[in-house]
Structures are given as structure tokens and as C-alpha cells.
file model-v7.txt (compact mmCIF, C-alpha atoms)
# COMPACT_ATOMS: atom_id res chain seq x y z
CA MET G 1 0.00 0.00 0.00
CA LEU G 2 2.83 2.41 0.82
CA SER G 3 4.37 1.93 -2.65
CA MET G 4 1.92 4.45 -4.12
CA PHE G 5 3.80 7.23 -2.29
CA PHE G 6 7.23 6.25 -3.66
CA ALA G 7 8.94 7.58 -6.78
CA PRO G 8 8.76 5.25 -9.85
CA GLU G 9 12.44 4.29 -9.69
CA ILE G 10 12.10 3.34 -6.02
CA LYS G 11 9.04 1.20 -6.77
CA GLU G 12 10.90 -0.60 -9.57
CA ALA G 13 13.89 -1.23 -7.32
CA ALA G 14 11.58 -2.60 -4.63
CA LYS G 15 9.90 -4.95 -7.13
CA ALA G 16 13.29 -6.21 -8.30
CA ALA G 17 14.41 -6.83 -4.72
CA VAL G 18 11.22 -8.81 -3.97
CA GLY G 19 11.72 -10.87 -7.14
CA GLN G 20 15.31 -11.69 -6.22
CA ALA G 21 14.29 -12.70 -2.69
CA ALA G 22 11.55 -14.97 -4.05
CA ALA G 23 13.99 -16.60 -6.47
CA ALA G 24 16.52 -17.17 -3.68
CA THR G 25 13.95 -18.77 -1.37
CA PRO G 26 14.23 -22.56 -1.60
CA ALA G 27 11.16 -24.49 -2.61
CA PRO G 28 9.35 -26.00 0.35
CA ALA G 29 10.32 -29.60 1.11
CA THR G 30 7.85 -32.34 0.36
CA LEU G 31 5.40 -32.60 3.21
CA PRO G 32 5.82 -35.78 5.24
CA LYS G 33 3.24 -38.51 4.85
CA LEU G 34 0.69 -38.28 7.65
CA PRO G 35 -0.92 -41.21 9.49
CA PRO G 36 -4.37 -42.30 8.23
CA LEU G 37 -7.25 -40.17 9.54
CA GLU G 38 -9.65 -42.51 11.32
CA THR G 39 -12.14 -40.15 12.98
CA ALA G 40 -14.56 -37.57 11.57
CA HIS G 41 -13.74 -35.12 14.39
CA PRO G 42 -11.76 -35.16 17.69
CA TRP G 43 -14.77 -36.42 19.70
CA ALA G 44 -15.65 -39.27 17.34
CA MET G 45 -14.74 -42.89 17.93
CA PRO G 46 -12.22 -44.46 15.52
CA THR G 47 -13.50 -46.39 12.51
CA GLN G 48 -14.95 -49.82 13.31
CA ALA G 49 -12.79 -52.07 11.15
CA SER G 50 -12.84 -55.49 12.85
CA THR G 51 -15.36 -57.99 14.18
CA PHE G 52 -14.47 -56.94 17.74
CA ALA G 53 -15.03 -53.21 17.26
CA GLU G 54 -18.82 -52.98 17.54
CA SER G 55 -19.13 -55.05 20.72
CA THR G 56 -16.21 -53.21 22.35
CA ASP G 57 -17.78 -49.84 21.50
CA ASN G 58 -21.21 -50.95 22.76
CA LEU G 59 -19.71 -51.92 26.12
CA TYR G 60 -17.86 -48.59 26.27
CA PHE G 61 -21.06 -46.63 25.49
CA PHE G 62 -23.01 -48.70 28.04
CA ILE G 63 -20.53 -47.90 30.81
CA THR G 64 -20.43 -44.23 29.76
CA ALA G 65 -24.24 -43.99 29.75
CA LEU G 66 -24.44 -45.60 33.20
CA SER G 67 -21.83 -43.19 34.53
CA VAL G 68 -23.67 -40.16 33.14
CA PHE G 69 -27.04 -41.42 34.41
CA PHE G 70 -25.84 -41.99 37.97
CA PHE G 71 -23.81 -38.77 38.00
CA VAL G 72 -26.92 -36.75 37.06
CA LEU G 73 -29.09 -38.75 39.50
CA ILE G 74 -26.73 -38.37 42.46
CA MET G 75 -25.85 -34.73 41.79
CA GLY G 76 -29.53 -33.88 41.17
CA ALA G 77 -30.59 -35.58 44.42
CA MET G 78 -27.78 -33.82 46.29
CA PHE G 79 -28.78 -30.35 45.11
CA TYR G 80 -32.48 -31.11 45.66
CA PHE G 81 -31.88 -32.16 49.28
CA MET G 82 -29.53 -29.23 49.85
CA LYS G 83 -32.34 -26.88 48.89
CA LYS G 84 -35.21 -28.79 50.51
CA TYR G 85 -33.50 -29.31 53.85
CA ALA G 86 -31.48 -26.13 54.05
CA ARG G 87 -31.34 -24.64 57.52
CA ARG G 88 -33.99 -21.90 57.76
CA SER G 89 -33.04 -20.25 61.05
CA GLU G 90 -30.38 -20.27 63.77
CA ASP G 91 -32.58 -22.15 66.22
CA GLN G 92 -33.80 -24.82 63.76
CA LYS G 93 -32.91 -28.33 64.96
CA THR G 94 -32.30 -31.43 62.82
CA SER G 95 -35.08 -33.99 63.15
CA SER G 96 -34.33 -37.52 64.25
CA ILE G 97 -33.02 -39.61 61.34
CA THR G 98 -33.39 -43.38 61.02
CA HIS G 99 -32.18 -45.70 58.30
CA ASN G 100 -34.34 -47.12 55.51
CA GLY G 101 -33.56 -50.79 54.88
CA LYS G 102 -35.23 -50.97 51.46
CA ILE G 103 -33.37 -47.96 50.08
CA GLU G 104 -30.06 -49.21 51.49
CA PHE G 105 -30.62 -52.60 49.88
CA LEU G 106 -31.52 -51.08 46.51
CA TRP G 107 -28.53 -48.74 46.33
CA SER G 108 -26.29 -51.73 46.97
CA ALA G 109 -28.09 -54.35 44.85
CA ILE G 110 -28.64 -52.27 41.69
CA PRO G 111 -24.95 -51.29 41.25
CA ALA G 112 -23.94 -54.88 42.09
CA VAL G 113 -26.19 -56.26 39.33
CA LEU G 114 -24.87 -53.67 36.85
CA LEU G 115 -21.27 -54.56 37.75
CA VAL G 116 -22.02 -58.26 37.14
CA VAL G 117 -23.49 -57.34 33.73
CA ILE G 118 -20.37 -55.34 32.85
CA PHE G 119 -18.11 -58.16 34.03
CA ALA G 120 -20.02 -60.84 32.07
CA TRP G 121 -20.08 -58.70 28.93
CA GLY G 122 -16.36 -58.01 29.17
CA GLU G 123 -15.52 -61.62 29.99
CA ILE G 124 -17.45 -62.96 26.98
CA ASP G 125 -15.70 -60.49 24.66
CA TRP G 126 -12.31 -61.29 26.22
CA ILE G 127 -12.78 -65.04 25.67
CA LYS G 128 -13.66 -64.35 22.03
CA GLN G 129 -10.53 -62.22 21.58
CA THR G 130 -8.22 -64.85 23.11
CA THR G 131 -9.48 -67.86 21.14
CA PRO G 132 -8.38 -67.61 17.49
CA PRO G 133 -10.03 -69.83 14.86
CA ALA G 134 -8.08 -72.85 13.64
CA ASP G 135 -7.81 -71.46 10.11
CA ALA G 136 -6.26 -68.13 11.14
CA ILE G 137 -3.28 -66.78 9.16
CA ASP G 138 -0.16 -66.65 11.35
CA ILE G 139 1.92 -63.47 11.39
CA ARG G 140 5.01 -62.99 13.54
CA VAL G 141 5.55 -59.55 15.08
CA THR G 142 8.73 -58.42 16.81
CA GLY G 143 9.02 -55.14 18.68
CA GLN G 144 12.35 -53.40 19.06
CA GLN G 145 13.18 -49.84 20.07
CA TRP G 146 11.67 -48.19 18.03
CA THR G 147 10.38 -50.26 15.15
CA TRP G 148 8.00 -53.10 14.30
CA LYS G 149 9.22 -56.09 12.32
CA VAL G 150 6.63 -58.34 10.69
CA ASP G 151 7.13 -61.61 8.83
CA TYR G 152 4.77 -64.20 7.39
CA PRO G 153 5.64 -67.89 8.03
CA ASP G 154 3.21 -68.97 5.29
CA TYR G 155 4.98 -66.70 2.79
CA PRO G 156 8.75 -67.31 3.10
CA GLY G 157 10.91 -64.28 2.45
CA VAL G 158 8.11 -61.76 3.03
CA PHE G 159 9.28 -59.25 5.61
CA LEU G 160 7.87 -55.79 6.46
CA THR G 161 9.07 -53.13 8.91
CA SER G 162 7.96 -49.75 10.18
CA ALA G 163 9.92 -46.50 9.85
CA MET G 164 10.39 -43.77 12.42
CA ASP G 165 10.02 -40.70 10.22
CA GLU G 166 6.87 -41.66 8.28
CA PRO G 167 3.96 -44.10 8.57
CA LEU G 168 4.83 -46.99 6.25
CA VAL G 169 2.70 -50.07 5.57
CA THR G 170 3.96 -52.37 8.31
CA MET G 171 1.41 -55.18 8.03
CA MET G 172 -0.95 -56.38 5.30
CA VAL G 173 -3.97 -58.57 6.04
CA PRO G 174 -6.93 -59.82 3.98
CA LYS G 175 -10.46 -58.65 4.68
CA GLY G 176 -12.75 -61.29 6.19
CA ARG G 177 -9.94 -63.71 7.15
CA PRO G 178 -8.91 -64.27 10.78
CA VAL G 179 -5.30 -63.34 11.52
CA ARG G 180 -3.30 -64.53 14.53
CA LEU G 181 -0.31 -62.49 15.70
CA ILE G 182 2.53 -64.27 17.50
CA MET G 183 4.49 -61.51 19.17
CA THR G 184 7.66 -60.94 21.18
CA SER G 185 10.08 -58.14 22.03
CA GLU G 186 13.85 -57.97 21.63
CA ASP G 187 14.48 -55.39 24.35
CA VAL G 188 11.75 -53.81 26.52
CA LEU G 189 7.99 -53.98 26.90
CA HIS G 190 6.02 -52.83 23.87
CA SER G 191 2.28 -52.92 23.18
CA PHE G 192 0.76 -53.62 19.77
CA TYR G 193 -2.32 -51.40 19.39
CA VAL G 194 -4.61 -50.89 16.39
CA PRO G 195 -7.42 -48.52 17.46
CA ALA G 196 -9.66 -49.26 14.46
CA PHE G 197 -9.60 -52.97 15.33
CA ARG G 198 -10.02 -52.36 19.10
CA VAL G 199 -7.18 -54.77 19.86
CA LYS G 200 -4.10 -54.25 22.02
CA LYS G 201 -1.58 -56.69 23.49
CA ASP G 202 1.78 -56.35 25.24
CA LEU G 203 5.01 -57.75 23.76
CA VAL G 204 7.26 -59.15 26.47
CA PRO G 205 11.01 -59.92 26.11
CA GLY G 206 11.79 -63.61 26.36
CA ARG G 207 8.27 -64.92 25.79
CA TYR G 208 5.51 -65.02 23.16
CA THR G 209 2.08 -63.42 23.41
CA THR G 210 -0.72 -63.96 20.91
CA MET G 211 -3.64 -61.91 19.65
CA TRP G 212 -6.08 -62.30 16.78
CA PHE G 213 -8.55 -60.22 14.81
CA GLU G 214 -10.61 -60.31 11.62
CA ALA G 215 -10.64 -57.11 9.57
CA THR G 216 -13.98 -56.07 8.08
CA THR G 217 -13.08 -52.89 6.18
CA VAL G 218 -10.62 -52.34 3.34
CA GLY G 219 -8.24 -49.46 3.99
CA GLU G 220 -5.19 -48.31 5.96
CA PHE G 221 -5.29 -48.11 9.75
CA ASN G 222 -2.91 -46.76 12.36
CA LEU G 223 -0.64 -49.01 14.39
CA PHE G 224 0.84 -47.64 17.62
CA CYS G 225 3.02 -48.79 20.48
CA ALA G 226 0.84 -48.20 23.55
CA GLU G 227 3.53 -48.95 26.17
CA TYR G 228 6.17 -46.31 26.90
CA CYS G 229 9.39 -47.88 25.60
CA GLY G 230 12.00 -45.13 25.69
CA GLU G 231 13.03 -41.82 24.23
CA ARG G 232 11.48 -42.26 20.76
CA HIS G 233 8.39 -44.17 21.85
CA SER G 234 6.05 -41.78 20.01
CA SER G 235 7.84 -42.58 16.71
CA MET G 236 7.10 -46.30 16.98
CA GLY G 237 4.10 -46.36 14.67
CA GLY G 238 3.06 -47.97 11.44
CA VAL G 239 0.13 -48.76 9.17
CA VAL G 240 -1.95 -51.94 8.87
CA LYS G 241 -3.33 -52.28 5.35
CA VAL G 242 -6.46 -54.36 4.74
CA LEU G 243 -7.06 -55.68 1.22
CA GLU G 244 -9.64 -57.77 -0.57
CA PRO G 245 -8.73 -61.49 -0.26
CA GLU G 246 -8.08 -61.91 -3.98
CA GLN G 247 -5.58 -59.01 -3.92
CA PHE G 248 -3.81 -59.93 -0.69
CA GLU G 249 -1.08 -62.35 -1.78
CA ALA G 250 0.06 -60.39 -4.83
CA ALA G 251 0.05 -57.08 -2.93
CA LEU G 252 1.92 -58.62 -0.01
CA ARG G 253 4.72 -59.97 -2.18
CA GLU G 254 4.96 -56.67 -4.08
CA ALA G 255 5.14 -54.64 -0.83
CA ALA G 256 7.83 -56.93 0.55
CA LYS G 257 10.06 -56.42 -2.49
CA LEU G 258 13.15 -54.36 -1.83
CA GLU G 259 14.88 -54.09 -5.18
CA GLN G 260 17.04 -51.41 -6.75
CA LYS G 261 15.22 -49.29 -9.31
CA ALA G 262 16.73 -48.81 -12.77
CA THR G 263 17.35 -45.09 -12.16
CA GLU G 264 18.49 -45.52 -8.55
CA SER G 265 22.11 -45.36 -7.41
CA PRO G 266 23.41 -47.92 -4.88
CA LYS G 267 23.64 -45.13 -2.30
CA ASP G 268 19.99 -44.12 -2.78
CA PHE G 269 18.93 -47.76 -2.71
CA GLY G 270 20.82 -48.11 0.55
CA GLY G 271 18.91 -45.11 1.91
CA ARG G 272 15.64 -46.90 1.24
CA ILE G 273 16.93 -50.02 2.97
CA TYR G 274 17.98 -47.86 5.94
CA LYS G 275 14.32 -46.90 6.42
CA ARG G 276 12.58 -50.08 5.31
CA ARG G 277 14.62 -52.44 7.46
CA GLY G 278 14.43 -50.36 10.63
CA CYS G 279 18.08 -49.24 10.72
CA ASP G 280 16.92 -45.70 11.54
CA ALA G 281 15.55 -46.91 14.88
CA CYS G 282 19.07 -47.24 16.31
CA HIS G 283 21.55 -45.52 13.97
CA THR G 284 21.33 -41.76 13.39
CA LEU G 285 22.79 -39.83 10.47
CA ASP G 286 23.52 -36.56 12.28
CA ASP G 287 25.88 -37.68 15.07
CA SER G 288 23.11 -37.54 17.67
CA PRO G 289 23.12 -40.39 20.23
CA GLY G 290 21.12 -43.54 19.52
CA ASN G 291 20.91 -47.16 20.58
CA GLY G 292 23.72 -47.95 18.14
CA PRO G 293 26.73 -46.01 16.81
CA THR G 294 25.86 -43.07 14.56
CA TRP G 295 26.56 -43.58 10.87
CA LYS G 296 27.81 -40.02 10.42
CA GLY G 297 31.52 -40.27 9.64
CA LEU G 298 31.51 -43.98 10.51
CA TYR G 299 33.27 -45.36 7.41
CA GLY G 300 37.04 -45.22 7.84
CA LYS G 301 36.77 -44.40 11.53
CA LYS G 302 38.88 -46.25 14.10
CA GLU G 303 36.61 -47.98 16.60
CA THR G 304 37.49 -49.54 19.94
CA LEU G 305 35.73 -52.84 20.55
CA SER G 306 34.39 -54.18 23.83
CA GLY G 307 37.44 -56.43 24.20
CA GLY G 308 39.83 -53.46 23.97
CA GLU G 309 41.18 -54.08 20.44
CA THR G 310 40.79 -51.44 17.72
CA LEU G 311 39.92 -51.67 14.04
CA THR G 312 39.15 -49.44 11.09
CA VAL G 313 35.57 -49.49 9.85
CA ASP G 314 35.67 -50.87 6.30
CA ASP G 315 33.43 -52.89 3.99
CA ASP G 316 34.30 -56.23 5.59
CA TYR G 317 33.59 -55.00 9.11
CA LEU G 318 30.25 -53.45 8.08
CA ARG G 319 29.17 -56.62 6.29
CA GLU G 320 30.11 -58.73 9.29
CA SER G 321 28.25 -56.41 11.65
CA ILE G 322 25.09 -56.61 9.53
CA LEU G 323 25.10 -60.42 9.39
CA THR G 324 26.65 -61.33 12.76
CA PRO G 325 26.40 -58.20 14.91
CA ARG G 326 27.54 -59.82 18.19
CA VAL G 327 30.97 -60.88 16.93
CA LYS G 328 32.67 -57.47 17.12
CA VAL G 329 30.79 -55.08 19.39
CA VAL G 330 31.85 -51.44 19.72
CA ALA G 331 32.76 -50.45 23.30
CA GLY G 332 29.80 -48.89 25.08
CA TYR G 333 27.20 -50.87 23.16
CA GLU G 334 27.62 -54.25 24.83
CA ASN G 335 24.02 -54.24 26.12
CA VAL G 336 22.45 -53.37 22.75
CA ASN G 337 20.76 -56.40 21.22
CA MET G 338 21.11 -55.74 17.49
CA PRO G 339 19.35 -58.44 15.44
CA SER G 340 21.10 -60.34 12.68
CA TYR G 341 19.99 -59.59 9.12
CA GLN G 342 21.18 -62.99 7.88
CA GLY G 343 18.55 -64.17 5.41
CA GLN G 344 16.80 -60.79 5.40
CA LEU G 345 19.25 -58.87 3.20
CA ASP G 346 20.96 -60.29 0.12
CA ASP G 347 24.45 -59.38 -1.13
CA LYS G 348 23.20 -56.58 -3.36
CA GLN G 349 21.20 -55.00 -0.55
CA ILE G 350 24.13 -55.25 1.87
CA THR G 351 26.42 -53.61 -0.68
CA ALA G 352 23.92 -50.78 -1.19
CA LEU G 353 23.62 -50.26 2.54
CA ILE G 354 27.41 -50.04 2.86
CA GLU G 355 27.49 -47.45 0.06
CA PHE G 356 24.88 -45.44 1.96
CA ILE G 357 26.99 -45.60 5.12
CA LYS G 358 30.04 -44.43 3.19
CA ALA G 359 28.12 -41.36 2.03
CA GLN G 360 27.38 -40.23 5.61
CA LYS G 361 30.34 -37.91 6.11
call {"tool": "encode", "arguments": {"input": "model-v7.txt", "output": "C-alpha cells"}}
result
Amino acid sequence: MLSMFFAPEIKEAAKAAVGQAAAATPAPATLPKLPPLETAHPWAMPTQASTFAESTDNLYFFITALSVFFFVLIMGAMFYFMKKYARRSEDQKTSSITHNGKIEFLWSAIPAVLLVVIFAWGEIDWIKQTTPPADAIDIRVTGQQWTWKVDYPDYPGVFLTSAMDEPLVTMMVPKGRPVRLIMTSEDVLHSFYVPAFRVKKDLVPGRYTTMWFEATTVGEFNLFCAEYCGERHSSMGGVVKVLEPEQFEAALREAAKLEQKATESPKDFGGRIYKRRGCDACHTLDDSPGNGPTWKGLYGKKETLSGGETLTVDDDYLRESILTPRVKVVAGYENVNMPSYQGQLDDKQITALIEFIKAQK
């Protein structure tokens, strides 16, 4: 608006300066992929996407309605009696009060009956959720700070993982088919939670826990860790994708592929592996601390091992650490339980990952 008061040459100079500033401003980075939106508004319940969802929601609404009903009843009675029996004068005396056996019985019996109903309802649903059908598809889930690893025993070689910086498809299941999850943890307690399915189960180190569900809606649904598991707990998410049964197998094998694209350099391919195989859960690229050594400036660095000997980080050492990580452990990381990627990464993928590590200078 003020430009109308300036001389023409000043206005032209100002326009040129604005144009140069706009040209020098870098284009905004691509927005990160957001988790699936599962509610119409903040007060809405998540989508009902499994056979357990409706019954779980009905029990929740029943308990909520009871709570609201008795809150209004008790508060209303309290305010009514406060007004009705308010002291009218300084010399007013309280009349003699005796108990009423019928009322005392009712205010004990009615809540007791309602509690039994809630217990029976919950127990029936719990038994259903802990008894998977015999024809359920088995999926193995492993939790590790801060990533999910999923493999399919019925489909050898199919392996999916989550990523910390964006919600990737971590699990694929067919619509209308029961799925049983066999789960464990490699470090601390985790909890596998899919709100749209209304299922949640803890993963415990050193033992297996199981859970099952049957998806009823095609789509993508959020997966969270619902047990605080350390510094980056909030980044331990993923996506469960539900497909039509006839599309499931082909889509699963396609999603599990991790192959170098024709236009992709080994370094860029290694960057994809870094995210898709959960390396980013422990190894940072900016020298910040993590569960494992940072990859920034790692290649060519002299490392001291837990036994006191030193070595220079080269291709052979990196390959050995990927396949047999407990053989040569860097000092200070003795208690980190890095999994072996033997059988999960082939030679070409390992080479690409090493090239990616080399590029982190």
C-alpha cells in the first residue's frame, strides 16, 4: 500500500528486490506422509474395522451412559436435598433420622447387578478375543526400540518393517480372514495397538504373546506402540493395510520387495533399505546419540571394541556387523541387542547399505 507514495524508480527497485528474494527462497520440502485419519472429528470414535469393534464400542457406550445417568441422578438428588432441607433459622434443629432398609438394599443391589453385567459382557468379549479360529493366518511380530518387524511364516521371504520418520505399511492382512499375531520383544515392553480394530496386546522380552482379529473394512489403519518404551516411543508407529482377499497375496509380495530401481544409485537404494529395514531406529545420520553407533563419519573411523582391540571401519567389518552383529561389538554398546539380518538382506542389498553408510560424512 505504501508503494503508491514512492517515486517510480524506487518502486521498480523494490519490485526487483522482492523478485530476487523470491527466487533465492528454496522451494518447500515435500510434506511428510501423515498417518491415516480414522475419525470424523476429535470427539468421534475411531473407525470400526474389525469384528471386535462394535461389541467393544457398545460396552464402552453402556458404561459411559451408566456413569452419566448416575452422575446426574446423584448430583440432582444432592442439590435437591440441599435446597429442601437447608437450615432456615439459627434455632432450627435437625429432626431424628433413622435408616431405611429398602433404600439401602436397593442402592447396593442395583450397582452390584450392573457390575455383574459389565463383568459378564467383558468376559465374553475377552474369551472371544483370546481364542483364534483354527484357520487363522499366522503373522510374527517383533518389537524393538523403536520399530515393528513383521514376517509371514506362510509366505517365506516376506518381511515388512515400520519407519520412524513416516507411517509406512507395516502389516498387510486380507479382509474377512482371521489373523493370529505371534508376538515378542527384543528389548523392553512394547504394546501392539490398532485402534480401528479395538485390539491391544503387550510384547514381552523372552516370551511369546498372541492376539487375533478379523478385519472387516478395506483401507489403511494406524498401528501404535501403547507402552512407553523409551526416548522415541512416540515414533514407533506404522500402518496396517487391509485388502480384498483376492488381492492380498500379490500385494503382499509386491510390498515386501526391496529391489534397486533402474534409475536408482546404490547409495539411494541403501537409503531406502535404511528406512525399510528399521536401521533408523538405532543408527542416526547426524551424530546424535542412539541405541547404536551413529553412521555419520563412521566409514574409515577407528573404533574400539568391547574387548579393547581397535579396528578401522571398512566394507568387511560393516558386512560382518550386519550379518553377525555380536561378533565385534563397539565399546559402550555391549548391552544393545542388534538383530542379525542374515537371510533378510541379500548381497546386493548389503552392498547398497554399505554405500549409503560411506556417504554419511
call {"tool": "closest_residue", "arguments": {"input": "model-v7.txt", "among": "G:Leu189, G:Cys279, G:Leu252, G:Val239", "to": "Asp151 of chain G", "atoms": "only C-alpha atoms"}}
result
G:Leu252
call {"tool": "closest_residue", "arguments": {"input": "model-v7.txt", "among": "G:Asn222, G:Thr147, G:Gln349, G:Ser185", "to": "Lys241 of chain G", "atoms": "all atoms listed in the file"}}
result
G:Asn222
call {"tool": "residues_around", "arguments": {"input": "model-v7.txt", "residues": "segment 106-114 of chain G", "least_positions_apart": "5", "cutoff": "9 Å", "atoms": "only C-alpha atoms", "output": "list of chain:residue names"}}
result
G:Leu66, G:Gly101, G:Phe119
call {"tool": "residues_around", "arguments": {"input": "model-v7.txt", "residues": "Val329 of chain G", "least_positions_apart": "6", "cutoff": "12 Å", "atoms": "only C-alpha atoms", "output": "PDB file with C-alpha atoms, in the frame of the given file"}}
result
ATOM      1  CA  GLY G 292      23.720 -47.950  18.140  1.00  0.00           C
ATOM      2  CA  PRO G 293      26.730 -46.010  16.810  1.00  0.00           C
ATOM      3  CA  GLU G 303      36.610 -47.980  16.600  1.00  0.00           C
ATOM      4  CA  THR G 304      37.490 -49.540  19.940  1.00  0.00           C
ATOM      5  CA  LEU G 305      35.730 -52.840  20.550  1.00  0.00           C
ATOM      6  CA  SER G 306      34.390 -54.180  23.830  1.00  0.00           C
ATOM      7  CA  GLY G 307      37.440 -56.430  24.200  1.00  0.00           C
ATOM      8  CA  GLY G 308      39.830 -53.460  23.970  1.00  0.00           C
ATOM      9  CA  GLU G 309      41.180 -54.080  20.440  1.00  0.00           C
ATOM     10  CA  THR G 310      40.790 -51.440  17.720  1.00  0.00           C
ATOM     11  CA  LEU G 311      39.920 -51.670  14.040  1.00  0.00           C
ATOM     12  CA  TYR G 317      33.590 -55.000   9.110  1.00  0.00           C
ATOM     13  CA  LEU G 318      30.250 -53.450   8.080  1.00  0.00           C
ATOM     14  CA  GLU G 320      30.110 -58.730   9.290  1.00  0.00           C
ATOM     15  CA  SER G 321      28.250 -56.410  11.650  1.00  0.00           C
ATOM     16  CA  ILE G 322      25.090 -56.610   9.530  1.00  0.00           C
ATOM     17  CA  ASN G 335      24.020 -54.240  26.120  1.00  0.00           C
ATOM     18  CA  VAL G 336      22.450 -53.370  22.750  1.00  0.00           C
ATOM     19  CA  ASN G 337      20.760 -56.400  21.220  1.00  0.00           C
ATOM     20  CA  MET G 338      21.110 -55.740  17.490  1.00  0.00           C
TER      21      MET G 338
END
call {"tool": "atom_distance", "arguments": {"input": "model-v7.txt", "atom1": "atom CA of Met183 of chain G", "atom2": "atom CA of Ile139 of chain G"}}
result
8.4 Å
call {"tool": "atom_distance", "arguments": {"input": "model-v7.txt", "atom1": "atom CA of Gly297 of chain G", "atom2": "atom CA of Phe269 of chain G"}}
result
19.2 Å
call {"tool": "closest_residue", "arguments": {"input": "model-v7.txt", "among": "G:Glu166, G:Ile127, G:Gln48, G:Ser265", "to": "Thr217 of chain G", "atoms": "all atoms listed in the file"}}
result
G:Gln48
call {"tool": "atom_distance", "arguments": {"input": "model-v7.txt", "atom1": "atom CA of Val194 of chain G", "atom2": "atom CA of Val240 of chain G"}}
result
8.0 Å
call {"tool": "closest_residue", "arguments": {"input": "model-v7.txt", "among": "G:Pro178, G:Gly76, G:Gly278, G:Pro195", "to": "Ser162 of chain G", "atoms": "all atoms listed in the file"}}
result
G:Gly278
call {"tool": "residues_around", "arguments": {"input": "model-v7.txt", "residues": "Met236 of chain G", "least_positions_apart": "2", "cutoff": "12 Å", "atoms": "all atoms listed in the file", "output": "count of residues only"}}
result
38
call {"tool": "residues_near_point", "arguments": {"input": "model-v7.txt", "point": "(1.8, -61.5, 0.8)", "cutoff": "10 Å", "atoms": "all atoms listed in the file", "output": "PyMOL selection string"}}
result
chain G and resi 151-152+154-159+171-174+247-256
call {"tool": "residues_around", "arguments": {"input": "model-v7.txt", "residues": "Leu345 of chain G", "least_positions_apart": "5", "cutoff": "12 Å", "atoms": "all atoms listed in the file", "output": "list in words"}}
result
Gly157, Val158, Phe159, Ala256, Lys257, Leu258, Glu259, Gly270, Ile273, Tyr274, Arg276, Arg277, Arg319, Ile322, Leu323, Ser340, Ile350, Thr351, Ala352 and Leu353 of chain G
